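Data from target_7.pdb: PDB, C-alpha atoms and all ligand atoms
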ATOM      1  CA  MET A 229     178.053-145.308 -56.785
ATOM      2  CA  ARG A 230     175.847-144.943 -59.835
ATOM      3  CA  ILE A 231     172.628-142.956 -59.858
ATOM      4  CA  ARG A 232     170.222-143.605 -62.713
ATOM      5  CA  ASP A 233     166.559-143.458 -63.636
ATOM      6  CA  ALA A 234     164.579-146.271 -62.059
ATOM      7  CA  GLU A 235     163.263-149.032 -64.303
ATOM      8  CA  ALA A 236     160.166-151.150 -63.735
ATOM      9  CA  GLY A 237     162.393-154.145 -62.954
ATOM     10  CA  ASP A 238     163.947-152.306 -59.974
ATOM     11  CA  TRP A 239     160.715-152.464 -57.975
ATOM     12  CA  PRO A 240     161.239-155.846 -56.224
ATOM     13  CA  ALA A 241     164.623-154.669 -54.920
ATOM     14  CA  ILE A 242     163.112-151.350 -53.806
ATOM     15  CA  TRP A 243     160.134-153.003 -52.101
ATOM     16  CA  ALA A 244     162.456-155.348 -50.197
ATOM     17  CA  PHE A 245     163.711-152.395 -48.130
ATOM     18  CA  ALA A 246     160.780-149.985 -48.589
ATOM     19  CA  GLN A 247     158.220-152.355 -47.064
ATOM     20  CA  PRO A 248     160.030-152.635 -43.687
ATOM     21  CA  ILE A 249     160.633-148.860 -43.643
ATOM     22  CA  ILE A 250     156.895-148.229 -44.206
ATOM     23  CA  ALA A 251     155.855-150.950 -41.762
ATOM     24  CA  ALA A 252     158.103-149.541 -39.033
ATOM     25  CA  GLY A 253     156.039-146.351 -39.131
ATOM     26  CA  GLU A 254     158.895-144.226 -37.791
ATOM     27  CA  THR A 255     159.784-142.035 -40.769
ATOM     28  CA  TYR A 256     156.839-141.851 -43.199
ATOM     29  CA  PRO A 257     153.240-140.810 -42.556
ATOM     30  CA  TRP A 258     152.004-143.684 -44.693
ATOM     31  CA  GLU A 259     149.670-146.414 -43.557
ATOM     32  CA  ARG A 260     152.001-149.019 -42.080
ATOM     33  CA  ASP A 261     150.232-151.783 -44.023
ATOM     34  CA  THR A 262     150.247-149.911 -47.354
ATOM     35  CA  PRO A 263     149.613-152.560 -50.061
ATOM     36  CA  GLU A 264     152.528-153.228 -52.380
ATOM     37  CA  GLU A 265     150.661-152.166 -55.518
ATOM     38  CA  GLN A 266     149.674-148.837 -53.971
ATOM     39  CA  ALA A 267     153.273-148.186 -52.956
ATOM     40  CA  ARG A 268     154.604-149.298 -56.340
ATOM     41  CA  SER A 269     152.204-147.086 -58.229
ATOM     42  CA  PHE A 270     153.042-144.023 -56.117
ATOM     43  CA  TRP A 271     156.791-144.595 -56.204
ATOM     44  CA  MET A 272     157.298-145.786 -59.776
ATOM     45  CA  ASP A 273     154.565-144.336 -61.986
ATOM     46  CA  LYS A 274     156.081-140.902 -62.519
ATOM     47  CA  GLU A 275     155.038-139.801 -65.897
ATOM     48  CA  PRO A 276     156.280-136.254 -66.427
ATOM     49  CA  PRO A 277     156.587-134.033 -64.427
ATOM     50  CA  GLY A 278     158.021-136.419 -61.815
ATOM     51  CA  ALA A 279     160.941-138.845 -61.698
ATOM     52  CA  THR A 280     162.211-141.868 -59.813
ATOM     53  CA  LEU A 281     165.932-142.506 -59.424
ATOM     54  CA  VAL A 282     167.908-145.346 -57.870
ATOM     55  CA  ALA A 283     171.412-145.476 -56.448
ATOM     56  CA  GLU A 284     173.432-148.590 -57.204
ATOM     57  CA  LEU A 285     176.218-149.627 -54.896
ATOM     58  CA  ASP A 286     178.163-152.859 -55.248
ATOM     59  CA  GLY A 287     175.881-153.645 -58.212
ATOM     60  CA  GLU A 288     172.733-153.557 -56.076
ATOM     61  CA  VAL A 289     169.881-151.066 -55.687
ATOM     62  CA  ALA A 290     170.950-149.409 -52.438
ATOM     63  CA  GLY A 291     168.467-146.552 -52.320
ATOM     64  CA  THR A 292     165.871-144.594 -54.213
ATOM     65  CA  VAL A 293     164.234-141.188 -54.501
ATOM     66  CA  GLU A 294     160.923-140.242 -56.070
ATOM     67  CA  ILE A 295     160.158-136.671 -57.131
ATOM     68  CA  HIS A 296     156.661-135.280 -57.687
ATOM     69  CA  PRO A 297     154.894-131.905 -57.654
ATOM     70  CA  ASN A 298     154.099-130.913 -54.072
ATOM     71  CA  GLN A 299     150.730-129.483 -55.112
ATOM     72  CA  PRO A 300     148.634-129.611 -58.282
ATOM     73  CA  GLY A 301     147.857-126.653 -60.502
ATOM     74  CA  GLN A 302     149.289-123.350 -59.383
ATOM     75  CA  GLY A 303     151.483-125.075 -56.771
ATOM     76  CA  SER A 304     153.017-127.592 -59.136
ATOM     77  CA  HIS A 305     156.269-125.640 -59.599
ATOM     78  CA  ILE A 306     157.372-126.792 -56.138
ATOM     79  CA  ALA A 307     158.717-130.346 -56.063
ATOM     80  CA  ASN A 308     158.434-132.806 -53.214
ATOM     81  CA  ALA A 309     160.577-135.912 -52.856
ATOM     82  CA  GLY A 310     160.708-139.125 -50.876
ATOM     83  CA  PHE A 311     163.919-140.994 -50.061
ATOM     84  CA  MET A 312     164.624-144.517 -48.884
ATOM     85  CA  VAL A 313     167.990-146.200 -48.413
ATOM     86  CA  ASP A 314     168.407-149.909 -47.708
ATOM     87  CA  PRO A 315     169.581-150.232 -44.070
ATOM     88  CA  ALA A 316     172.364-152.516 -45.340
ATOM     89  CA  PHE A 317     173.840-149.548 -47.227
ATOM     90  CA  ARG A 318     173.268-146.711 -44.760
ATOM     91  CA  GLY A 319     176.053-144.398 -43.685
ATOM     92  CA  ARG A 320     177.891-144.750 -46.997
ATOM     93  CA  GLY A 321     176.726-141.543 -48.600
ATOM     94  CA  VAL A 322     173.789-142.965 -50.554
ATOM     95  CA  GLY A 323     171.261-140.620 -48.932
ATOM     96  CA  ARG A 324     173.444-137.589 -49.550
ATOM     97  CA  ALA A 325     174.076-138.586 -53.178
ATOM     98  CA  LEU A 326     170.349-139.156 -53.774
ATOM     99  CA  GLY A 327     169.595-135.783 -52.194
ATOM    100  CA  GLU A 328     172.069-134.021 -54.462
ATOM    101  CA  ALA A 329     170.747-135.925 -57.491
ATOM    102  CA  ALA A 330     167.133-135.055 -56.637
ATOM    103  CA  ILE A 331     167.983-131.372 -56.346
ATOM    104  CA  ALA A 332     169.764-131.449 -59.707
ATOM    105  CA  ARG A 333     167.018-133.441 -61.404
ATOM    106  CA  ALA A 334     164.177-131.284 -60.099
ATOM    107  CA  ALA A 335     166.026-128.143 -61.168
ATOM    108  CA  ARG A 336     166.677-129.646 -64.606
ATOM    109  CA  ASP A 337     163.011-130.544 -64.922
ATOM    110  CA  GLY A 338     162.013-126.945 -64.268
ATOM    111  CA  PHE A 339     160.881-127.028 -60.654
ATOM    112  CA  HIS A 340     161.459-123.768 -58.800
ATOM    113  CA  ALA A 341     161.985-125.185 -55.325
ATOM    114  CA  MET A 342     161.722-128.370 -53.294
ATOM    115  CA  GLN A 343     159.612-128.831 -50.166
ATOM    116  CA  PHE A 344     159.425-131.668 -47.676
ATOM    117  CA  ASN A 345     156.173-131.733 -45.736
ATOM    118  CA  ALA A 346     156.869-134.355 -43.137
ATOM    119  CA  VAL A 347     160.419-134.868 -41.900
ATOM    120  CA  VAL A 348     159.933-136.504 -38.516
ATOM    121  CA  GLU A 349     161.959-134.691 -35.851
ATOM    122  CA  THR A 350     163.217-137.927 -34.301
ATOM    123  CA  ASN A 351     164.700-138.811 -37.722
ATOM    124  CA  THR A 352     167.734-136.773 -36.774
ATOM    125  CA  GLN A 353     169.959-138.144 -39.552
ATOM    126  CA  ALA A 354     167.478-136.995 -42.166
ATOM    127  CA  VAL A 355     166.941-133.573 -40.546
ATOM    128  CA  LYS A 356     170.713-133.036 -40.393
ATOM    129  CA  LEU A 357     171.249-134.309 -43.920
ATOM    130  CA  TRP A 358     168.595-132.062 -45.486
ATOM    131  CA  HIS A 359     169.861-129.022 -43.586
ATOM    132  CA  SER A 360     173.359-129.746 -44.873
ATOM    133  CA  LEU A 361     171.967-129.832 -48.428
ATOM    134  CA  GLY A 362     170.576-126.325 -48.108
ATOM    135  CA  PHE A 363     167.045-126.967 -46.852
ATOM    136  CA  GLU A 364     165.705-124.725 -44.113
ATOM    137  CA  THR A 365     163.045-125.731 -41.625
ATOM    138  CA  LEU A 366     160.124-123.363 -42.226
ATOM    139  CA  ALA A 367     158.151-124.711 -39.301
ATOM    140  CA  VAL A 368     157.787-127.760 -37.121
ATOM    141  CA  VAL A 369     154.239-129.038 -36.907
ATOM    142  CA  PRO A 370     153.953-129.797 -33.191
ATOM    143  CA  GLU A 371     152.885-133.329 -32.381
ATOM    144  CA  GLY A 372     152.301-133.832 -36.097
ATOM    145  CA  PHE A 373     153.441-137.444 -36.199
ATOM    146  CA  ARG A 374     152.437-140.444 -34.096
ATOM    147  CA  HIS A 375     155.717-142.249 -33.593
ATOM    148  CA  PRO A 376     155.260-145.879 -32.523
ATOM    149  CA  VAL A 377     158.063-145.586 -29.960
ATOM    150  CA  HIS A 378     158.292-141.899 -29.032
ATOM    151  CA  GLY A 379     154.616-140.952 -29.192
ATOM    152  CA  LEU A 380     153.581-137.555 -30.541
ATOM    153  CA  VAL A 381     156.581-135.841 -32.142
ATOM    154  CA  GLY A 382     157.083-132.871 -34.454
ATOM    155  CA  MET A 383     157.280-132.842 -38.235
ATOM    156  CA  HIS A 384     159.609-130.441 -40.041
ATOM    157  CA  ILE A 385     158.363-128.628 -43.117
ATOM    158  CA  MET A 386     161.539-127.982 -45.125
ATOM    159  CA  TYR A 387     162.173-125.848 -48.171
ATOM    160  CA  ARG A 388     164.970-125.068 -50.586
ATOM    161  CA  VAL A 389     165.024-122.973 -53.730
ATOM    162  CA  LEU A 390     166.612-124.944 -56.575
ATOM    163  CA  GLY A 391     169.356-123.841 -58.893
ATOM    164  CA  SER A 392     171.258-122.013 -56.186
TER     165      SER A 392
HETATM  166  C1  LIG A 401     167.667-140.748 -44.025
HETATM  167  C2  LIG A 401     168.380-141.713 -44.999
HETATM  168  C3  LIG A 401     167.824-141.480 -46.398
HETATM  169  C4  LIG A 401     169.884-141.407 -44.967
HETATM  170  O1  LIG A 401     170.518-142.315 -45.856
HETATM  171  P1  LIG A 401     172.085-142.707 -45.725
HETATM  172  O2  LIG A 401     172.496-143.353 -46.985
HETATM  173  O3  LIG A 401     172.329-143.445 -44.476
HETATM  174  O4  LIG A 401     172.741-141.263 -45.599
HETATM  175  P2  LIG A 401     174.279-140.888 -45.799
HETATM  176  O5  LIG A 401     175.153-142.100 -45.683
HETATM  177  O6  LIG A 401     174.396-140.053 -47.024
HETATM  178  O7  LIG A 401     174.524-140.003 -44.511
HETATM  179  C5  LIG A 401     173.927-138.749 -44.394
HETATM  180  C6  LIG A 401     174.264-138.163 -43.042
HETATM  181  O8  LIG A 401     173.616-138.931 -42.035
HETATM  182  C7  LIG A 401     174.500-139.124 -40.928
HETATM  183  N1  LIG A 401     174.708-140.561 -40.739
HETATM  184  C8  LIG A 401     174.494-141.537 -41.628
HETATM  185  N2  LIG A 401     174.715-142.734 -41.094
HETATM  186  C9  LIG A 401     175.050-142.514 -39.836
HETATM  187  C10 LIG A 401     175.386-143.363 -38.761
HETATM  188  N3  LIG A 401     175.410-144.705 -38.874
HETATM  189  N4  LIG A 401     175.671-142.792 -37.580
HETATM  190  C11 LIG A 401     175.643-141.453 -37.445
HETATM  191  N5  LIG A 401     175.344-140.606 -38.433
HETATM  192  C12 LIG A 401     175.053-141.131 -39.594
HETATM  193  C13 LIG A 401     175.739-138.405 -41.219
HETATM  194  O9  LIG A 401     175.621-137.140 -40.562
HETATM  195  C14 LIG A 401     175.737-138.180 -42.713
HETATM  196  O10 LIG A 401     176.292-136.933 -42.971
HETATM  197  P3  LIG A 401     177.732-136.827 -43.715
HETATM  198  O11 LIG A 401     177.442-137.064 -45.186
HETATM  199  O12 LIG A 401     178.146-135.426 -43.428
HETATM  200  O13 LIG A 401     178.624-137.843 -43.115
HETATM  201  C15 LIG A 401     168.192-143.188 -44.556
HETATM  202  O14 LIG A 401     168.560-143.296 -43.210
HETATM  203  C16 LIG A 401     166.790-143.749 -44.737
HETATM  204  O15 LIG A 401     166.420-144.219 -45.817
HETATM  205  N6  LIG A 401     165.987-143.742 -43.663
HETATM  206  C17 LIG A 401     164.624-144.308 -43.695
HETATM  207  C18 LIG A 401     163.682-143.512 -44.589
HETATM  208  C19 LIG A 401     163.794-142.029 -44.333
HETATM  209  O16 LIG A 401     163.953-141.577 -43.212
HETATM  210  N7  LIG A 401     163.717-141.245 -45.415
HETATM  211  C20 LIG A 401     163.793-139.782 -45.342
HETATM  212  C21 LIG A 401     162.502-139.234 -44.888
HETATM  213  S1  LIG A 401     162.594-137.449 -44.754
END
Here is the file; what I need is its structure written in the form of C-alpha cells.
Amino acid sequence: MRIRDAEAGDWPAIWAFAQPIIAAGETYPWERDTPEEQARSFWMDKEPPGATLVAELDGEVAGTVEIHPNQPGQGSHIANAGFMVDPAFRGRGVGRALGEAAIARAARDGFHAMQFNAVVETNTQAVKLWHSLGFETLAVVPEGFRHPVHGLVGMHIMYRVLGS
C-alpha cells in the first residue's frame, strides 16, 4: 500500500466511491445529495493548514482522508479528519493505514490534537478502529444522527492528543 498526497486528478476515482457513501447517509452527516463540486471543493481544496491523502492499493485509489482545522481561530490547533475507503478495498487495512497517516501528518503539520465530531455509533467498525488508534470517546451525542435504517442513533465525539 502506498499513501501519498492527493492530486487534482485523483478526484474522479475518489468521487466514484465517495458519492455512494454520502448518498447512503449512514456514516456522514452530509446532505445525501451533496453536489459533486461542493464535495470536491471540501475534500480537495486544502490549502495549508489542511491536507488530503490517498491510499493506493493494486495501483488504484482505494481510500482517502482529508484533514482540516476543527474550528477557526483559537480552536484551529485541533485537527478534524474525514475518511472514506472504497467498499471494494475494505477490510484490507486501508482505513487503519489512513488513520495512522492522518495522525502522523497532522502532528507533522503542527496540530496539537485530533477530534472527530460525528462518528455514528452504528458504524461499529469505525468506532472500534478509532479507539484502537488511541482516540477516546469524550461523549456520545444521544440521538444525534438520523440513520436511514436505524432511526435516531448516537454520535461519538472522539479525541486524541497527537505526538504521543
Ligand atoms: C470505516 C472505514 C474507513 C474502515 O476502512 P477499512 O479499510 O475497511 O478498515 P481496515 O481494513 O483498516 O479495518 C479496520 C478495522 O475494522 C474492522 N473490520 C474491517 N473490515 C471488517 C470486516 N469485513 N468484518 C469485520 N471487521 C472488519 C477490523 O476490526 C479492523 O481492525 P484490525 O485492523 O484490527 O483488523 C470504511 O469502512 C469506510 O470508509 N466506511 C464508510 C465511511 C466511514 O464510515 N468513514 C469513517 C467515518 S468516522
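Here CA of Val355 in chain A is placed at a distance of 27.8 Å from CA of Pro240 in chain A.
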Return as JSON lines the residues of range 239-297 of chain A lying at most 8 Å from range 329-342 of chain A, together with the closest atom-to-atom pair for each and the distance in Å to one decimal, counting all atoms listed in the file, with rows in chain order and ascending residue number.
{"residue": "A:Pro277", "atom": "CA", "partner": "A:Asp337", "partner_atom": "CA", "distance": 7.3}
{"residue": "A:Val293", "atom": "CA", "partner": "A:Ala330", "partner_atom": "CA", "distance": 7.1}
{"residue": "A:Ile295", "atom": "CA", "partner": "A:Ala330", "partner_atom": "CA", "distance": 7.2}
What are the centre and edge lengths in Å, to one decimal, of the axis-aligned box around all listed atoms of ligand LIG 401 (chain A) with 4 Å added on each side, as JSON?
{"center_x": 170.6, "center_y": -140.1, "center_z": -42.2, "size_x": 24.1, "size_y": 17.3, "size_z": 17.6}
Next item on the list: Starting from the shown file, work through the PyMOL selection byres (((not hetatm)) within 10 of (chain A and resi 401)) and note down what comes out as a count of residues only.
Entry: 57
Item checked: Selection result of the PyMOL selection byres (((chain A and resi 381) around 7) and not hetatm) on this file, as JSON, numbers by chain -> {"A": [349, 370, 371, 372, 373, 374, 375, 379, 380, 382, 383]}
Check: Quick one: residues within 9 Å of Lys274 in chain A, only C-alpha atoms counted, chain neighbours fewer than 6 positions away excluded, as a count of residues only?
Finding: 4
Item checked: Pick from A:Ala279, A:Ala251, A:Ile242, A:Leu285 nearest to Met229 in chain A, counting only C-alpha atoms -> A:Leu285
